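Structure data (TSV, C-alpha atoms) from start.tsv:
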chain	number	residue	atom	x	y	z
A	1	MET	CA	133.99	82.12	90.37
A	2	THR	CA	131.82	80.60	93.09
A	3	THR	CA	131.11	83.00	95.94
A	4	ARG	CA	132.76	81.93	99.18
A	5	VAL	CA	130.53	82.42	102.25
A	6	ALA	CA	131.50	82.09	105.93
A	7	LEU	CA	129.34	82.06	109.06
A	8	ILE	CA	130.29	83.63	112.40
A	9	GLY	CA	127.97	82.30	115.11
A	10	ALA	CA	127.25	78.79	113.88
A	11	GLY	CA	125.50	77.52	117.02
A	12	GLY	CA	121.98	78.26	118.25
A	13	HIS	CA	120.06	80.31	115.70
A	14	GLY	CA	123.07	79.91	113.42
A	15	LEU	CA	121.62	76.50	112.49
A	16	SER	CA	119.08	78.26	110.27
A	17	HIS	CA	121.94	79.87	108.36
A	18	ARG	CA	123.81	76.56	108.18
A	19	ARG	CA	120.75	75.02	106.54
A	20	THR	CA	120.71	77.81	103.97
A	21	LEU	CA	124.42	77.40	103.32
A	22	GLN	CA	123.99	73.65	102.87
A	23	ARG	CA	121.17	74.18	100.36
A	24	LEU	CA	122.94	76.87	98.35
A	25	ALA	CA	126.17	74.87	98.29
A	26	GLY	CA	124.20	71.87	97.00
A	27	GLU	CA	122.78	74.06	94.26
A	28	GLY	CA	126.28	75.18	93.29
A	29	ARG	CA	125.59	78.83	94.07
A	30	ILE	CA	128.19	79.16	96.83
A	31	GLU	CA	131.15	77.50	98.48
A	32	VAL	CA	131.06	77.41	102.28
A	33	ALA	CA	134.40	78.87	103.29
A	34	GLY	CA	134.18	78.19	107.02
A	35	LEU	CA	132.18	78.23	110.24
A	36	CYS	CA	133.01	79.96	113.51
A	37	ASP	CA	131.69	79.70	117.04
A	38	ARG	CA	133.21	79.95	120.51
A	39	GLN	CA	131.71	76.57	121.37
A	40	PRO	CA	131.88	73.30	119.39
A	41	VAL	CA	128.92	72.86	117.06
A	42	ALA	CA	127.58	69.39	116.36
A	43	PRO	CA	126.65	68.46	112.78
A	44	HIS	CA	122.94	68.49	112.01
A	45	PRO	CA	121.19	66.17	109.53
A	46	ASP	CA	119.89	69.22	107.64
A	47	ALA	CA	123.30	70.86	107.58
A	48	PRO	CA	126.20	68.42	107.89
A	49	LEU	CA	128.54	70.73	105.91
A	50	ASP	CA	131.07	67.93	105.69
A	51	GLY	CA	134.67	69.03	105.42
A	52	VAL	CA	133.99	72.71	106.12
A	53	PRO	CA	136.75	74.29	108.27
A	54	PHE	CA	135.68	75.25	111.79
A	55	PHE	CA	137.20	78.08	113.82
A	56	SER	CA	136.73	79.33	117.38
A	57	ASP	CA	138.14	82.78	116.57
A	58	HIS	CA	136.58	84.96	113.90
A	59	THR	CA	139.78	86.82	113.09
A	60	GLU	CA	141.46	83.52	112.22
A	61	LEU	CA	138.44	82.55	110.10
A	62	LEU	CA	138.67	85.81	108.15
A	63	SER	CA	142.43	85.69	107.62
A	64	VAL	CA	142.62	81.99	106.69
A	65	THR	CA	139.53	81.56	104.52
A	66	ARG	CA	139.28	85.01	102.86
A	67	PRO	CA	135.50	84.82	102.31
A	68	ASP	CA	133.62	86.98	99.82
A	69	VAL	CA	130.54	87.14	102.04
A	70	VAL	CA	130.17	86.71	105.80
A	71	ILE	CA	127.06	86.04	107.88
A	72	ILE	CA	127.15	87.28	111.49
A	73	CYS	CA	124.70	85.51	113.82
A	74	THR	CA	125.82	86.50	117.30
A	75	PRO	CA	124.26	88.52	120.17
A	76	PRO	CA	123.41	92.09	119.08
A	77	HIS	CA	125.84	93.77	121.46
A	78	THR	CA	128.72	92.05	119.59
A	79	HIS	CA	127.59	93.06	116.08
A	80	LEU	CA	129.41	96.34	115.53
A	81	ALA	CA	132.91	95.13	116.39
A	82	LEU	CA	132.50	91.95	114.34
A	83	ALA	CA	131.09	93.87	111.36
A	84	LEU	CA	134.05	96.25	111.35
A	85	ASP	CA	136.41	93.27	111.23
A	86	VAL	CA	134.45	91.80	108.31
A	87	PHE	CA	134.63	95.03	106.33
A	88	ALA	CA	138.35	95.34	107.10
A	89	ALA	CA	138.76	91.85	105.61
A	90	GLY	CA	137.10	93.06	102.39
A	91	ALA	CA	133.95	90.94	102.62
A	92	ASP	CA	130.28	91.74	102.12
A	93	LEU	CA	128.02	91.10	105.09
A	94	LEU	CA	124.65	89.66	106.08
A	95	LEU	CA	124.22	90.90	109.66
A	96	GLU	CA	121.53	89.32	111.83
A	97	LYS	CA	118.83	91.52	113.30
A	98	PRO	CA	118.78	93.75	115.20
A	99	PRO	CA	121.85	95.27	113.53
A	100	VAL	CA	123.24	97.49	116.29
A	101	MET	CA	122.39	98.90	119.70
A	102	SER	CA	122.03	102.63	119.00
A	103	LEU	CA	121.81	105.28	116.30
A	104	ALA	CA	125.42	106.19	117.05
A	105	GLU	CA	126.44	102.59	116.26
A	106	HIS	CA	124.15	102.67	113.21
A	107	GLU	CA	126.02	105.69	111.85
A	108	LYS	CA	129.40	104.12	112.71
A	109	LEU	CA	128.42	100.97	110.83
A	110	ALA	CA	127.16	102.94	107.82
A	111	SER	CA	130.34	105.01	107.62
A	112	SER	CA	132.58	101.93	107.89
A	113	CYS	CA	131.17	99.87	105.01
A	114	GLY	CA	133.75	101.24	102.60
A	115	GLY	CA	131.68	100.27	99.59
A	116	ARG	CA	130.96	96.76	100.86
A	117	ILE	CA	127.41	95.37	100.66
A	118	LEU	CA	125.49	95.21	103.95
A	119	GLN	CA	122.19	93.39	104.37
A	120	ILE	CA	120.35	93.18	107.71
A	121	GLY	CA	118.71	89.90	108.73
A	122	PHE	CA	115.09	91.02	108.91
A	123	GLN	CA	114.03	88.06	106.80
A	124	ALA	CA	110.34	88.98	107.05
A	125	LEU	CA	111.09	91.91	104.70
A	126	GLY	CA	111.35	89.32	101.93
A	127	SER	CA	107.66	88.45	102.37
A	128	VAL	CA	105.52	88.68	99.24
A	129	ALA	CA	102.52	89.22	101.52
A	130	LEU	CA	104.20	92.28	103.05
A	131	ALA	CA	104.97	93.62	99.58
A	132	GLU	CA	101.33	93.17	98.55
A	133	LEU	CA	100.11	94.95	101.68
A	134	CYS	CA	102.49	97.85	101.05
A	135	ALA	CA	101.49	98.06	97.38
A	136	SER	CA	97.88	98.56	98.48
A	137	GLU	CA	99.02	101.72	100.34
A	138	PRO	CA	96.78	101.05	103.34
A	139	SER	CA	95.54	104.03	105.32
A	140	GLY	CA	94.77	104.40	109.01
A	141	GLU	CA	96.57	103.89	112.28
A	142	ILE	CA	98.69	100.78	112.64
A	143	GLY	CA	98.27	98.19	115.39
A	144	VAL	CA	100.65	95.33	116.11
A	145	THR	CA	99.48	92.36	118.19
A	146	GLY	CA	101.19	89.18	119.33
A	147	ALA	CA	100.64	86.75	122.21
A	148	TRP	CA	103.02	83.83	122.72
A	149	TRP	CA	104.16	81.66	125.59
A	150	ARG	CA	107.77	81.24	126.63
A	151	PRO	CA	108.60	79.26	129.80
A	152	ASP	CA	111.36	80.30	132.17
A	153	THR	CA	113.80	78.03	130.32
A	154	TYR	CA	113.61	80.48	127.39
A	155	TYR	CA	115.58	82.92	129.51
A	156	GLN	CA	118.27	80.33	130.16
A	157	ARG	CA	119.07	79.80	126.48
A	158	ALA	CA	122.04	82.18	126.47
A	159	PRO	CA	124.07	84.24	128.99
A	160	TRP	CA	122.48	87.47	127.69
A	161	ALA	CA	118.87	86.26	127.64
A	162	GLY	CA	116.58	88.30	129.87
A	163	LYS	CA	119.41	90.63	130.85
A	164	ARG	CA	119.71	94.42	130.66
A	165	LEU	CA	123.52	94.45	130.75
A	166	VAL	CA	126.31	92.01	129.90
A	167	ASP	CA	129.91	93.04	130.62
A	168	GLY	CA	128.66	96.57	131.19
A	169	ARG	CA	126.99	96.83	127.79
A	170	PRO	CA	123.24	97.14	127.16
A	171	VAL	CA	121.58	94.02	125.76
A	172	LEU	CA	118.80	94.05	123.19
A	173	ASP	CA	116.46	91.54	124.76
A	174	GLY	CA	112.80	91.94	125.55
A	175	ALA	CA	109.52	90.97	123.96
A	176	LEU	CA	109.33	93.66	121.28
A	177	VAL	CA	112.99	94.06	120.33
A	178	ASN	CA	113.74	90.35	120.06
A	179	PRO	CA	110.98	87.75	119.42
A	180	PHE	CA	108.56	90.34	118.01
A	181	ALA	CA	111.23	92.43	116.28
A	182	HIS	CA	110.03	91.38	112.83
A	183	ALA	CA	106.52	92.64	113.60
A	184	LEU	CA	107.88	96.03	114.67
A	185	MET	CA	110.14	96.26	111.63
A	186	GLN	CA	107.34	95.36	109.24
A	187	ALA	CA	105.01	97.88	110.87
A	188	LEU	CA	107.59	100.62	110.33
A	189	VAL	CA	107.85	99.63	106.67
A	190	VAL	CA	104.06	99.57	106.24
A	191	ALA	CA	103.83	103.02	107.83
A	192	GLY	CA	106.00	104.38	105.03
A	193	ALA	CA	104.29	102.49	102.21
A	194	GLY	CA	103.48	104.64	99.20
A	195	GLY	CA	105.13	107.73	100.61
A	196	PRO	CA	108.12	109.04	102.53
A	197	GLU	CA	109.91	106.75	104.97
A	198	PHE	CA	108.21	106.65	108.38
A	199	ARG	CA	110.40	108.57	110.79
A	200	PRO	CA	109.44	108.06	114.45
A	201	VAL	CA	109.75	111.13	116.68
A	202	THR	CA	108.09	110.24	120.01
A	203	LEU	CA	107.70	107.00	121.92
A	204	GLU	CA	105.44	106.06	124.82
A	205	LEU	CA	106.23	102.76	126.47
A	206	GLU	CA	104.94	100.44	129.17
A	207	ARG	CA	107.15	97.46	129.99
A	208	TYR	CA	106.21	94.63	132.33
A	209	ARG	CA	107.63	91.35	133.56
A	210	THR	CA	105.92	88.34	135.12
A	211	ARG	CA	109.06	86.53	136.30
A	212	ALA	CA	112.54	87.04	137.72
A	213	ILE	CA	114.20	88.58	134.66
A	214	GLU	CA	115.76	92.01	134.10
A	215	THR	CA	113.91	92.83	130.89
A	216	ASP	CA	110.26	92.72	129.80
A	217	ASP	CA	108.13	89.81	128.66
A	218	THR	CA	105.06	91.98	128.06
A	219	THR	CA	105.38	95.27	126.19
A	220	PHE	CA	103.08	98.07	125.06
A	221	LEU	CA	104.36	100.79	122.76
A	222	ARG	CA	102.95	103.83	120.99
A	223	VAL	CA	105.11	105.58	118.41
A	224	ILE	CA	104.23	108.78	116.57
A	225	GLY	CA	105.94	109.70	113.31
A	226	GLU	CA	106.89	113.06	111.81
A	227	ASP	CA	103.70	112.90	109.75
A	228	GLY	CA	101.55	112.31	112.85
A	229	ARG	CA	100.83	108.69	112.01
A	230	ARG	CA	100.63	106.30	114.95
A	231	ILE	CA	101.89	102.76	115.48
A	232	THR	CA	100.67	100.95	118.59
A	233	ALA	CA	102.25	97.61	119.49
A	234	ALA	CA	101.04	95.22	122.18
A	235	VAL	CA	102.92	91.95	122.61
A	236	THR	CA	103.50	89.36	125.31
A	237	LEU	CA	105.38	86.16	125.98
A	238	ALA	CA	103.12	85.32	128.93
A	239	SER	CA	99.85	84.33	127.28
A	240	PRO	CA	97.81	81.13	127.61
A	241	VAL	CA	96.23	81.88	124.21
A	242	PHE	CA	98.36	81.99	121.06
A	243	ILE	CA	98.11	84.93	118.66
A	244	ALA	CA	100.67	84.40	115.92
A	245	GLY	CA	101.27	88.08	115.27
A	246	GLU	CA	99.20	90.60	113.34
A	247	ILE	CA	99.78	93.98	111.74
A	248	ARG	CA	96.48	95.79	111.27
A	249	VAL	CA	96.07	98.91	109.13
A	250	GLY	CA	92.47	100.04	108.93
A	251	ASP	CA	90.61	97.03	107.51
A	252	ALA	CA	93.80	95.36	106.23
A	253	VAL	CA	95.50	92.68	108.34
A	254	LEU	CA	98.77	90.82	107.82
A	255	GLU	CA	99.50	87.78	109.97
A	256	TYR	CA	103.19	88.25	109.53
A	257	PRO	CA	104.68	84.91	110.69
A	258	THR	CA	102.40	82.92	108.36
A	259	ASP	CA	102.14	85.40	105.43
A	260	ARG	CA	98.36	85.34	105.63
A	261	LEU	CA	96.79	88.55	104.37
A	262	ARG	CA	93.35	90.14	104.31
A	263	LEU	CA	92.92	93.36	102.35
A	264	PRO	CA	89.91	95.69	102.58
A	265	GLY	CA	86.87	94.12	100.93
A	266	GLU	CA	88.13	90.56	101.36
A	267	SER	CA	86.02	88.25	103.51
A	268	GLY	CA	88.86	86.27	105.03
A	269	PHE	CA	92.57	85.61	105.18
A	270	ARG	CA	94.43	84.11	102.23
A	271	HIS	CA	97.94	82.73	102.24
A	272	VAL	CA	100.34	84.68	100.04
A	273	PRO	CA	103.22	82.31	99.30
A	274	GLY	CA	106.78	83.37	98.80
A	275	ARG	CA	109.65	84.78	100.82
A	276	ALA	CA	112.86	85.88	99.19
A	277	GLY	CA	115.90	84.70	101.14
A	278	LEU	CA	118.17	87.49	102.31
A	279	LEU	CA	121.40	85.68	101.49
A	280	GLU	CA	120.09	84.82	98.03
A	281	ASN	CA	119.06	88.46	97.56
A	282	LEU	CA	122.52	89.63	98.61
A	283	LEU	CA	124.13	87.23	96.14
A	284	ASP	CA	121.83	88.48	93.37
A	285	HIS	CA	122.71	92.07	94.24
A	286	ARG	CA	126.44	91.26	94.10
A	287	ARG	CA	125.95	89.85	90.63
A	288	ASP	CA	123.69	92.67	89.45
A	289	PRO	CA	123.54	95.90	91.52
A	290	ALA	CA	120.26	96.75	89.79
A	291	VAL	CA	118.66	94.10	92.02
A	292	PRO	CA	117.73	96.06	95.18
A	293	LEU	CA	118.60	94.80	98.62
A	294	LEU	CA	115.55	93.84	100.64
A	295	ALA	CA	116.96	94.93	104.00
A	296	PRO	CA	119.71	97.53	103.57
A	297	LEU	CA	120.98	99.19	106.73
A	298	GLY	CA	119.26	102.49	105.95
A	299	ARG	CA	115.86	100.81	105.96
A	300	THR	CA	116.35	99.76	109.59
A	301	ALA	CA	117.21	103.14	111.14
A	302	GLY	CA	113.70	103.62	112.53
A	303	PHE	CA	113.85	100.24	114.22
A	304	THR	CA	117.21	101.10	115.78
A	305	ALA	CA	115.86	104.40	117.11
A	306	VAL	CA	112.90	102.68	118.75
A	307	ALA	CA	114.97	99.77	120.09
A	308	GLU	CA	117.57	102.12	121.57
A	309	ALA	CA	114.84	104.02	123.43
A	310	ILE	CA	113.29	100.80	124.74
A	311	VAL	CA	116.61	99.48	126.06
A	312	ALA	CA	117.41	102.84	127.70
A	313	SER	CA	114.00	103.09	129.38
A	314	PRO	CA	113.38	102.37	133.09
A	315	PRO	CA	113.29	98.73	134.21
A	316	PRO	CA	110.00	96.90	133.63
A	317	GLU	CA	107.25	96.94	136.21
A	318	VAL	CA	106.30	93.65	137.86
A	319	ILE	CA	102.89	92.11	137.22
A	320	GLY	CA	102.22	90.63	140.65
A	321	PRO	CA	101.22	87.02	141.30
A	322	GLU	CA	97.62	88.04	142.07
A	323	TRP	CA	97.18	88.81	138.35
A	324	LEU	CA	98.75	85.55	137.14
A	325	THR	CA	97.29	82.13	136.50
A	326	PRO	CA	98.97	78.77	135.73
A	327	HIS	CA	99.72	78.04	132.11
A	328	PRO	CA	97.53	75.19	130.81
A	329	ASP	CA	100.55	72.91	130.39
A	330	GLY	CA	101.82	73.62	133.90
A	331	SER	CA	105.13	75.13	132.74
A	332	GLY	CA	104.74	78.49	134.45
A	333	SER	CA	102.43	81.45	134.99
A	334	VAL	CA	100.63	83.64	132.48
A	335	VAL	CA	98.72	86.91	132.71
A	336	ALA	CA	94.99	86.39	132.99
A	337	GLY	CA	93.20	87.93	130.02
A	338	ILE	CA	96.38	89.18	128.35
A	339	ASP	CA	95.35	87.93	124.89
A	340	SER	CA	92.24	90.13	124.94
A	341	LEU	CA	94.21	93.08	126.32
A	342	VAL	CA	96.89	93.08	123.62
A	343	ARG	CA	94.19	93.13	120.94
A	344	GLU	CA	92.34	95.97	122.67
A	345	VAL	CA	95.49	98.09	123.00
A	346	ALA	CA	96.54	97.55	119.39
A	347	ASP	CA	93.03	98.29	118.11
A	348	THR	CA	92.36	101.42	120.18
A	349	GLY	CA	95.83	102.93	120.52
A	350	ARG	CA	95.28	103.29	124.27
A	351	LEU	CA	97.92	101.87	126.61
A	352	PRO	CA	96.95	99.72	129.64
A	353	SER	CA	97.54	102.54	132.15
A	354	GLU	CA	95.05	104.66	130.21
A	355	THR	CA	92.25	102.09	130.42
A	356	GLY	CA	92.22	101.24	134.11
A	357	VAL	CA	94.07	97.91	133.94
A	358	PRO	CA	94.72	97.24	137.66
A	359	TRP	CA	98.34	96.14	137.35
A	360	ALA	CA	99.33	98.86	134.88
A	361	ARG	CA	101.56	101.81	135.73
A	362	PRO	CA	102.09	105.12	133.90
A	363	GLY	CA	104.46	104.67	131.02
A	364	HIS	CA	107.72	106.21	129.85
A	365	ARG	CA	107.66	108.96	127.21
A	366	VAL	CA	110.70	110.07	125.26
A	367	ALA	CA	111.60	112.04	122.15
A	368	LEU	CA	113.61	109.91	119.74
A	369	GLY	CA	116.94	110.87	118.26
A	370	ALA	CA	117.06	112.22	114.72
A	371	LEU	CA	117.39	109.47	112.14
A	372	PRO	CA	120.30	109.63	109.70
A	373	ALA	CA	119.36	110.91	106.27
A	374	GLY	CA	118.73	108.34	103.54
Represent the structure contained in this file as structure tokens.
Amino acid sequence: MTTRVALIGAGGHGLSHRRTLQRLAGEGRIEVAGLCDRQPVAPHPDAPLDGVPFFSDHTELLSVTRPDVVIICTPPHTHLALALDVFAAGADLLLEKPPVMSLAEHEKLASSCGGRILQIGFQALGSVALAELCASEPSGEIGVTGAWWRPDTYYQRAPWAGKRLVDGRPVLDGALVNPFAHALMQALVVAGAGGPEFRPVTLELERYRTRAIETDDTTFLRVIGEDGRRITAAVTLASPVFIAGEIRVGDAVLEYPTDRLRLPGESGFRHVPGRAGLLENLLDHRRDPAVPLLAPLGRTAGFTAVAEAIVASPPPEVIGPEWLTPHPDGSGSVVAGIDSLVREVADTGRLPSETGVPWARPGHRVALGALPAG
């Protein structure tokens, strides 16, 4: 029988899932059981999904449509409660990243699956380029770099955007745990390539903001694993110069958003085509359990540990106006020289406060909670 798939959170980023549902329904692989969102969702030319039932309450969607698989694409602080309802309804689940807010929620989610399939929406883990990099078993410290620009309107896209708390609950927003989350997740995977899973034990963090938000738009992170290996991440959303996003391991570099890869001995980047879709992978796994999931919950525990520590850390420091300059398009202010700084931090493993950056402040250091086994 055709697998029936429903989507909770059909607006906003949910459009990307609606496009996938439209394509897979057209190929005859699935039937779209229903869509759900608190707000009306207009049809899109790429995903009209004509005749698909629409619900404003997810419990009604689950009880009326009885889907085999559910996609949850809602703010992270809502994930756990929604996932428990999906499992109670007897459906398998594709849960958008980041999966949950803490290791305690991670363990609650793992213990509540009841034999149901759970895939986490880190779609970059389906990258063939990432798989090739991991297969090469690269050695050396790992540096993550990214420099983007997001105007103030970016923080008006949703009620939780740029916030630390919503309705008394922590919110997973900030440069590294949201827009650059895929880079962090891939770096954790690369750190465990060819050996035991990378298990982070200490975290050193510097968070900064350039505007009137509660969270960070510029983040520097150093994580040390049980094996002593180091990951240093340096990312910003306040740069006049665009750096797509790179994961560097020794002489190997993966530009993760574009799947461009350069391995040791290669003179330049080459595009490595191919990304396996996470919903397609889940469907294949349902049909044949010998097909491994690309992003099972257990693979994301390290990310959850790091994200929990970031969200629980002190509020970000302000980069004052004397260190800012107008963005070239006039849509706001950026940090002068930030593109060079993020590269330097990622390459050297030294945080801004350790290199005499005038606006930098000593960071936050914390021991991470023990990851669940497996």
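Each of A:Leu61, A:Ala295, A:Cys36, A:Ile8 was compared to Pro98 in chain A using all atoms listed in the file, and A:Ala295 turns out to be the nearest.
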With 7 Å as the cut-off and all atoms listed in the file counted, what is the closest atom pair between each nearby residue of range 264-359 of chain A and range 114-128 of chain A? Distances in Å to one decimal, ordered by chain and number, as CSV.
residue,atom,partner,partner_atom,distance
A:Val272,CA,A:Val128,CA,6.6
A:Pro273,CA,A:Val128,CA,6.8
A:Gly274,CA,A:Val128,CA,5.5
A:Arg275,CA,A:Ser127,CA,4.5
A:Ala276,CA,A:Gly126,CA,4.6
A:Gly277,CA,A:Gly126,CA,6.5
A:Leu278,CA,A:Gln123,CA,6.1
A:Leu282,CA,A:Gln119,CA,6.9
A:Leu293,CA,A:Gln119,CA,6.9
A:Leu294,CA,A:Gly126,CA,6.3
A:Ala295,CA,A:Ile120,CA,5.3
A:Pro296,CA,A:Gln119,CA,4.9
A:Leu297,CA,A:Ile120,CA,6.1
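Residue nearest Val366 in chain A within the list A:Ile224, A:Ala336, A:Leu21, A:Val345: A:Ile224 [criterion: smallest interatomic distance, all atoms listed in the file].
You can rank A:Leu15, A:Ile142, A:Val311, A:Val223 by their closest distance to Gly250 in chain A using only C-alpha atoms, and at the top of that list sits A:Ile142.
Nearest residue to Met185 in chain A, choosing from A:Phe242, A:Tyr155, A:Trp148, A:Phe198 and counting all atoms listed in the file: A:Phe198.
For the atom pair formed by CA of Phe220 in chain A and CA of Leu205 in chain A, the distance is 5.8 Å, given to one decimal.
Picture a line from CA of Arg209 in chain A to CA of His77 in chain A; it runs 22.0 Å.
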